[in-house]
Amino acid sequence: MTNSLVELQDVPVEIICLSVSPPVIRNGRVTCQAEGPCEVVLEEPEPRLEPGMRVVMDGGPDRDLRIKGLVTAIEGLRLRVETERVVPPDKRSFPRMYGGIHVRYRVLAAGEGEQEASAWVAGGDEAVEGGAWSEPDPFMDFSGTGLRFEDQLHCKPEDWMLVELRLPSSEDLWRATARVVRVDPIRPEDFEARDEKKPASAPTHQIAVQFVDLPADAAEALTAFGMRIQDALLKT
């Protein structure tokens, strides 16, 4: 896959936004210039899209293309999208995409363990005050059993973490604990959108975690959210 966006001229894409429920999935065409945002022309109006929302532009099975970006302006059927990253598409039936899932986590330090984890899940505030908290990009793979997200390196395999999460369009905030099962570096070439340098704040690793203690209603909500995404994709 080429990560240069300059070559994209009137290319058909699916525009996907999961910040609202049900998710937005619309067909359109994208053109990207050497400088400035990409321009997307939708085939039909989508009133739920608003400036400030993050979207994924997917080229589908016939084109090895997936662009993550931020909607900066909307004029009728035309969107201006500020490109954040070109990402390699996953080779799976239902690829990971921007899910709008708010996640905050803290890695347990040496000497912390079951007591701190239990207190966190029970609603104690002691764990909130200790250690540094991180908020990864909500563009992530998720299920009722775990998460895979991108962030800078704050953990290693077998570390335990305290997790706080919330789904889009929901006021419910859940607490959980998770174990890190895999940490993989992100390839530098994946950041080469428009040949710009990777920003210092950009994520450096993919981190996969498995829930150890997750409320049953949170697991059900994550599973249901994933099914709604799959249903929407199958209807396009």
# chains A, B, ... in the order shown; residues from 1 in each chain; ligands from 1
$ residues_around --residues "segment 47-52 of chain A" --least-positions-apart "4" --cutoff "12 Å" --atoms "only C-alpha atoms" --output "list in words"
Ile15, Ile16, Cys17, Leu18, Ser19, Val20, Ser21, Pro22, Pro23, Val24, Ile25, Arg26, Leu42, Gly69, Leu70, Val71, Thr72, Ala73, Ile74, Glu75, Gly76, Leu77, Arg78, Leu79, Arg80, Val81 and Glu82 of chain A
$ residues_around --residues "Arg175 of chain A" --least-positions-apart "6" --cutoff "12 Å" --atoms "only C-alpha atoms" --output "PyMOL selection string"
chain A and resi 102-106+117-125+127-128+161-166+211-219
$ residues_around --residues "Gly28 of chain A" --least-positions-apart "3" --cutoff "9 Å" --atoms "only C-alpha atoms" --output "short mmCIF file (atom, residue, chain, number, x, y, z; two decimals) with N, CA, C and O atoms, in the first residue's frame"
data_model
loop_
_atom_site.label_atom_id
_atom_site.label_comp_id
_atom_site.auth_asym_id
_atom_site.auth_seq_id
_atom_site.Cartn_x
_atom_site.Cartn_y
_atom_site.Cartn_z
N VAL A 11 -11.63 9.21 -5.81
CA VAL A 11 -11.58 7.78 -5.52
C VAL A 11 -12.81 7.37 -4.71
O VAL A 11 -13.13 8.02 -3.70
N PRO A 12 -13.53 6.32 -5.10
CA PRO A 12 -14.70 5.88 -4.32
C PRO A 12 -14.29 5.30 -2.97
O PRO A 12 -13.34 4.52 -2.88
N VAL A 13 -15.00 5.70 -1.92
CA VAL A 13 -14.72 5.22 -0.57
C VAL A 13 -16.03 5.08 0.20
O VAL A 13 -17.07 5.64 -0.19
N GLU A 14 -15.96 4.32 1.29
CA GLU A 14 -17.01 4.33 2.29
C GLU A 14 -16.56 5.25 3.41
O GLU A 14 -15.43 5.16 3.88
N ILE A 15 -17.45 6.13 3.84
CA ILE A 15 -17.17 7.02 4.96
C ILE A 15 -17.88 6.44 6.17
O ILE A 15 -19.10 6.27 6.18
N VAL A 40 -14.29 15.24 0.48
CA VAL A 40 -15.15 14.08 0.26
C VAL A 40 -16.50 14.57 -0.24
O VAL A 40 -17.08 15.50 0.35
N VAL A 41 -17.01 13.95 -1.28
CA VAL A 41 -18.34 14.26 -1.79
C VAL A 41 -19.22 13.04 -1.53
O VAL A 41 -18.98 11.95 -2.07
N LEU A 42 -20.23 13.21 -0.68
CA LEU A 42 -21.14 12.11 -0.35
C LEU A 42 -22.14 11.89 -1.49
O LEU A 42 -22.51 12.82 -2.20
N GLU A 43 -22.59 10.63 -1.63
CA GLU A 43 -23.61 10.34 -2.62
C GLU A 43 -24.99 10.80 -2.17
O GLU A 43 -25.87 11.05 -3.00
N GLU A 44 -25.19 10.89 -0.85
CA GLU A 44 -26.47 11.34 -0.33
C GLU A 44 -26.23 12.08 0.98
O GLU A 44 -25.21 11.86 1.65
#
$ select_by_dssp --residues "segment 38-217 of chain A" --states "strand (DSSP E or B)" --output "compact mmCIF listing (two decimals) with N, CA and C atoms, in the first residue's frame"
# COMPACT_ATOMS: atom_id res chain seq x y z
N CYS A 38 -8.40 16.71 2.85
CA CYS A 38 -9.05 15.97 1.76
C CYS A 38 -10.49 16.48 1.61
N GLU A 39 -11.00 16.34 0.40
CA GLU A 39 -12.39 16.69 0.16
C GLU A 39 -13.17 15.44 -0.20
N VAL A 40 -14.29 15.24 0.48
CA VAL A 40 -15.15 14.08 0.26
C VAL A 40 -16.50 14.57 -0.24
N VAL A 41 -17.01 13.95 -1.28
CA VAL A 41 -18.34 14.26 -1.79
C VAL A 41 -19.22 13.04 -1.53
N LEU A 42 -20.23 13.21 -0.68
CA LEU A 42 -21.14 12.11 -0.35
C LEU A 42 -22.14 11.89 -1.49
N ARG A 54 -14.63 12.22 14.12
CA ARG A 54 -13.61 11.44 13.44
C ARG A 54 -14.27 10.41 12.54
N VAL A 55 -13.67 10.21 11.38
CA VAL A 55 -14.21 9.27 10.41
C VAL A 55 -13.09 8.39 9.87
N VAL A 56 -13.50 7.29 9.26
CA VAL A 56 -12.59 6.44 8.50
C VAL A 56 -13.08 6.40 7.07
N MET A 57 -12.17 6.61 6.13
CA MET A 57 -12.49 6.49 4.70
C MET A 57 -11.87 5.20 4.22
N ASP A 58 -12.70 4.26 3.82
CA ASP A 58 -12.26 2.91 3.48
C ASP A 58 -12.47 2.65 2.00
N ARG A 66 -7.13 2.82 3.66
CA ARG A 66 -7.94 3.23 4.81
C ARG A 66 -7.31 4.47 5.42
N ILE A 67 -8.09 5.54 5.49
CA ILE A 67 -7.60 6.82 5.98
C ILE A 67 -8.42 7.22 7.20
N LYS A 68 -7.74 7.59 8.25
CA LYS A 68 -8.39 8.09 9.45
C LYS A 68 -8.28 9.60 9.47
N GLY A 69 -9.38 10.31 9.75
CA GLY A 69 -9.32 11.75 9.73
C GLY A 69 -10.38 12.42 10.58
N LEU A 70 -10.33 13.74 10.62
CA LEU A 70 -11.23 14.55 11.41
C LEU A 70 -12.01 15.48 10.48
N VAL A 71 -13.33 15.46 10.58
CA VAL A 71 -14.18 16.34 9.78
C VAL A 71 -14.01 17.77 10.29
N THR A 72 -13.58 18.66 9.40
CA THR A 72 -13.38 20.06 9.80
C THR A 72 -14.46 21.00 9.27
N ALA A 73 -15.16 20.59 8.22
CA ALA A 73 -16.21 21.45 7.67
C ALA A 73 -17.17 20.61 6.83
N ILE A 74 -18.41 21.06 6.77
CA ILE A 74 -19.44 20.38 5.96
C ILE A 74 -20.22 21.45 5.21
N GLU A 75 -20.32 21.27 3.89
CA GLU A 75 -21.10 22.15 3.04
C GLU A 75 -21.93 21.29 2.11
N ARG A 78 -20.52 18.03 0.62
CA ARG A 78 -19.06 18.08 0.66
C ARG A 78 -18.54 18.15 2.09
N LEU A 79 -17.57 17.28 2.37
CA LEU A 79 -16.89 17.27 3.66
C LEU A 79 -15.43 17.63 3.45
N ARG A 80 -14.87 18.40 4.36
CA ARG A 80 -13.43 18.57 4.41
C ARG A 80 -12.92 17.75 5.59
N VAL A 81 -11.94 16.90 5.31
CA VAL A 81 -11.43 15.97 6.32
C VAL A 81 -9.93 16.17 6.47
N GLU A 82 -9.52 16.52 7.67
CA GLU A 82 -8.10 16.67 7.97
C GLU A 82 -7.53 15.29 8.28
N THR A 83 -6.57 14.87 7.47
CA THR A 83 -6.02 13.52 7.60
C THR A 83 -5.16 13.40 8.85
N GLU A 84 -5.39 12.33 9.62
CA GLU A 84 -4.58 12.06 10.79
C GLU A 84 -3.61 10.91 10.54
N ARG A 85 -4.09 9.86 9.88
CA ARG A 85 -3.22 8.72 9.59
C ARG A 85 -3.75 7.94 8.42
N VAL A 86 -2.83 7.32 7.68
CA VAL A 86 -3.17 6.27 6.73
C VAL A 86 -2.82 4.97 7.44
N MET A 97 -11.95 -0.26 13.58
CA MET A 97 -12.20 1.06 13.06
C MET A 97 -12.46 1.99 14.22
N TYR A 98 -12.63 3.25 13.93
CA TYR A 98 -12.90 4.20 14.98
C TYR A 98 -14.24 3.89 15.63
N HIS A 102 -14.40 5.68 24.70
CA HIS A 102 -13.51 6.40 25.63
C HIS A 102 -12.87 5.38 26.56
N VAL A 103 -11.55 5.35 26.57
CA VAL A 103 -10.81 4.46 27.46
C VAL A 103 -9.75 5.26 28.19
N ARG A 104 -9.66 5.02 29.48
CA ARG A 104 -8.61 5.59 30.31
C ARG A 104 -8.02 4.46 31.13
N TYR A 105 -6.70 4.41 31.25
CA TYR A 105 -6.11 3.29 31.99
C TYR A 105 -4.87 3.72 32.76
N ARG A 106 -4.58 2.94 33.79
CA ARG A 106 -3.35 3.11 34.57
C ARG A 106 -2.73 1.75 34.82
N VAL A 107 -1.46 1.64 34.51
CA VAL A 107 -0.73 0.40 34.73
C VAL A 107 -0.38 0.29 36.20
N SER A 134 -3.46 7.18 31.26
CA SER A 134 -3.30 7.37 29.82
C SER A 134 -4.64 7.22 29.13
N PHE A 139 -9.71 4.82 18.22
CA PHE A 139 -9.69 3.95 17.04
C PHE A 139 -9.11 2.61 17.48
N MET A 140 -9.99 1.65 17.81
CA MET A 140 -9.51 0.42 18.43
C MET A 140 -10.40 -0.77 18.11
N ASP A 141 -9.82 -1.93 18.30
CA ASP A 141 -10.53 -3.20 18.20
C ASP A 141 -11.08 -3.51 19.59
N PHE A 142 -12.31 -3.97 19.66
CA PHE A 142 -12.91 -4.22 20.97
C PHE A 142 -13.86 -5.39 20.92
N GLY A 146 -11.98 -8.08 25.60
CA GLY A 146 -10.73 -7.34 25.61
C GLY A 146 -10.71 -6.19 24.63
N LEU A 147 -9.56 -5.50 24.59
CA LEU A 147 -9.36 -4.34 23.74
C LEU A 147 -8.01 -4.45 23.05
N ARG A 148 -7.90 -3.84 21.88
CA ARG A 148 -6.60 -3.62 21.26
C ARG A 148 -6.57 -2.18 20.77
N PHE A 149 -5.65 -1.41 21.34
CA PHE A 149 -5.60 0.01 21.03
C PHE A 149 -4.16 0.43 20.75
N GLU A 150 -4.01 1.66 20.28
CA GLU A 150 -2.69 2.21 19.97
C GLU A 150 -2.36 3.32 20.95
N ASP A 151 -1.13 3.30 21.46
CA ASP A 151 -0.71 4.31 22.42
C ASP A 151 0.81 4.32 22.46
N TRP A 160 -0.68 -5.59 34.69
CA TRP A 160 -2.10 -5.40 34.98
C TRP A 160 -2.40 -3.92 34.92
N MET A 161 -3.62 -3.60 34.51
CA MET A 161 -4.02 -2.20 34.45
C MET A 161 -5.45 -2.01 34.95
N LEU A 162 -5.68 -0.82 35.48
CA LEU A 162 -7.02 -0.38 35.83
C LEU A 162 -7.59 0.34 34.62
N VAL A 163 -8.83 0.03 34.27
CA VAL A 163 -9.42 0.55 33.03
C VAL A 163 -10.76 1.23 33.33
N GLU A 164 -10.97 2.36 32.70
CA GLU A 164 -12.26 3.05 32.73
C GLU A 164 -12.72 3.22 31.30
N LEU A 165 -13.96 2.87 31.01
CA LEU A 165 -14.43 2.96 29.62
C LEU A 165 -15.87 3.41 29.53
N ARG A 166 -16.18 4.04 28.39
CA ARG A 166 -17.54 4.51 28.12
C ARG A 166 -17.80 4.38 26.63
N TRP A 174 -17.84 2.61 33.07
CA TRP A 174 -17.55 1.35 33.74
C TRP A 174 -16.09 1.28 34.17
N ARG A 175 -15.86 0.56 35.25
CA ARG A 175 -14.51 0.28 35.72
C ARG A 175 -14.21 -1.19 35.52
N ALA A 176 -12.98 -1.47 35.13
CA ALA A 176 -12.58 -2.86 34.89
C ALA A 176 -11.09 -2.99 35.20
N THR A 177 -10.64 -4.23 35.25
CA THR A 177 -9.20 -4.51 35.30
C THR A 177 -8.87 -5.39 34.11
N ALA A 178 -7.63 -5.29 33.64
CA ALA A 178 -7.23 -6.04 32.46
C ALA A 178 -5.76 -6.43 32.57
N ARG A 179 -5.39 -7.44 31.82
CA ARG A 179 -4.01 -7.91 31.75
C ARG A 179 -3.48 -7.69 30.35
N VAL A 180 -2.27 -7.15 30.22
CA VAL A 180 -1.65 -6.93 28.92
C VAL A 180 -1.18 -8.27 28.36
N VAL A 181 -1.67 -8.61 27.17
CA VAL A 181 -1.31 -9.89 26.57
C VAL A 181 -0.35 -9.75 25.39
N ARG A 182 -0.28 -8.53 24.83
CA ARG A 182 0.62 -8.36 23.69
C ARG A 182 0.93 -6.88 23.49
N VAL A 183 2.19 -6.59 23.13
CA VAL A 183 2.63 -5.24 22.82
C VAL A 183 3.48 -5.31 21.55
N ASP A 184 3.03 -4.65 20.49
CA ASP A 184 3.74 -4.68 19.20
C ASP A 184 4.03 -3.26 18.74
N PRO A 185 5.25 -2.99 18.28
CA PRO A 185 5.55 -1.66 17.75
C PRO A 185 4.80 -1.40 16.45
N HIS A 205 2.88 2.01 19.72
CA HIS A 205 2.68 0.58 19.88
C HIS A 205 1.19 0.21 19.81
N GLN A 206 0.93 -1.02 19.38
CA GLN A 206 -0.39 -1.63 19.51
C GLN A 206 -0.38 -2.47 20.78
N ILE A 207 -1.39 -2.26 21.61
CA ILE A 207 -1.45 -2.91 22.91
C ILE A 207 -2.74 -3.71 23.00
N ALA A 208 -2.63 -5.00 23.23
CA ALA A 208 -3.79 -5.87 23.38
C ALA A 208 -3.93 -6.25 24.85
N VAL A 209 -5.14 -6.09 25.38
CA VAL A 209 -5.39 -6.43 26.78
C VAL A 209 -6.61 -7.34 26.87
N GLN A 210 -6.60 -8.20 27.87
CA GLN A 210 -7.72 -9.09 28.14
C GLN A 210 -8.33 -8.70 29.48
N PHE A 211 -9.65 -8.53 29.49
CA PHE A 211 -10.31 -8.15 30.73
C PHE A 211 -10.16 -9.25 31.77
N VAL A 212 -9.84 -8.85 32.98
CA VAL A 212 -9.82 -9.78 34.11
C VAL A 212 -11.10 -9.66 34.91
N ASP A 213 -11.50 -8.44 35.16
CA ASP A 213 -12.74 -8.17 35.90
C ASP A 213 -13.49 -7.07 35.17
$ select_by_dssp --residues "segment 24-228 of chain A" --states "helix (DSSP H, G or I)" --output "count of residues only"
32
$ closest_residue --among "A:Gly59, A:His154, A:Leu222, A:Ala110" --to "Ala132 of chain A" --atoms "only C-alpha atoms"
A:His154
$ closest_residue --among "A:Leu8, A:Leu108, A:Ile101, A:Met53" --to "Asp172 of chain A" --atoms "only C-alpha atoms"
A:Ile101
$ atom_distance --atom1 "atom CA of Pro138 of chain A" --atom2 "atom CA of Glu116 of chain A"
25.6 Å
$ atom_distance --atom1 "atom CA of Leu153 of chain A" --atom2 "atom CA of Glu126 of chain A"
24.1 Å
$ atom_distance --atom1 "atom CA of Gln152 of chain A" --atom2 "atom CA of Pro136 of chain A"
8.2 Å
$ closest_residue --among "A:Ala221, A:Glu35, A:Gly111, A:Ala202" --to "Leu173 of chain A" --atoms "only C-alpha atoms"
A:Ala221
$ closest_residue --among "A:Pro157, A:Pro168, A:Gly131, A:Gly36" --to "Phe225 of chain A" --atoms "only C-alpha atoms"
A:Pro168
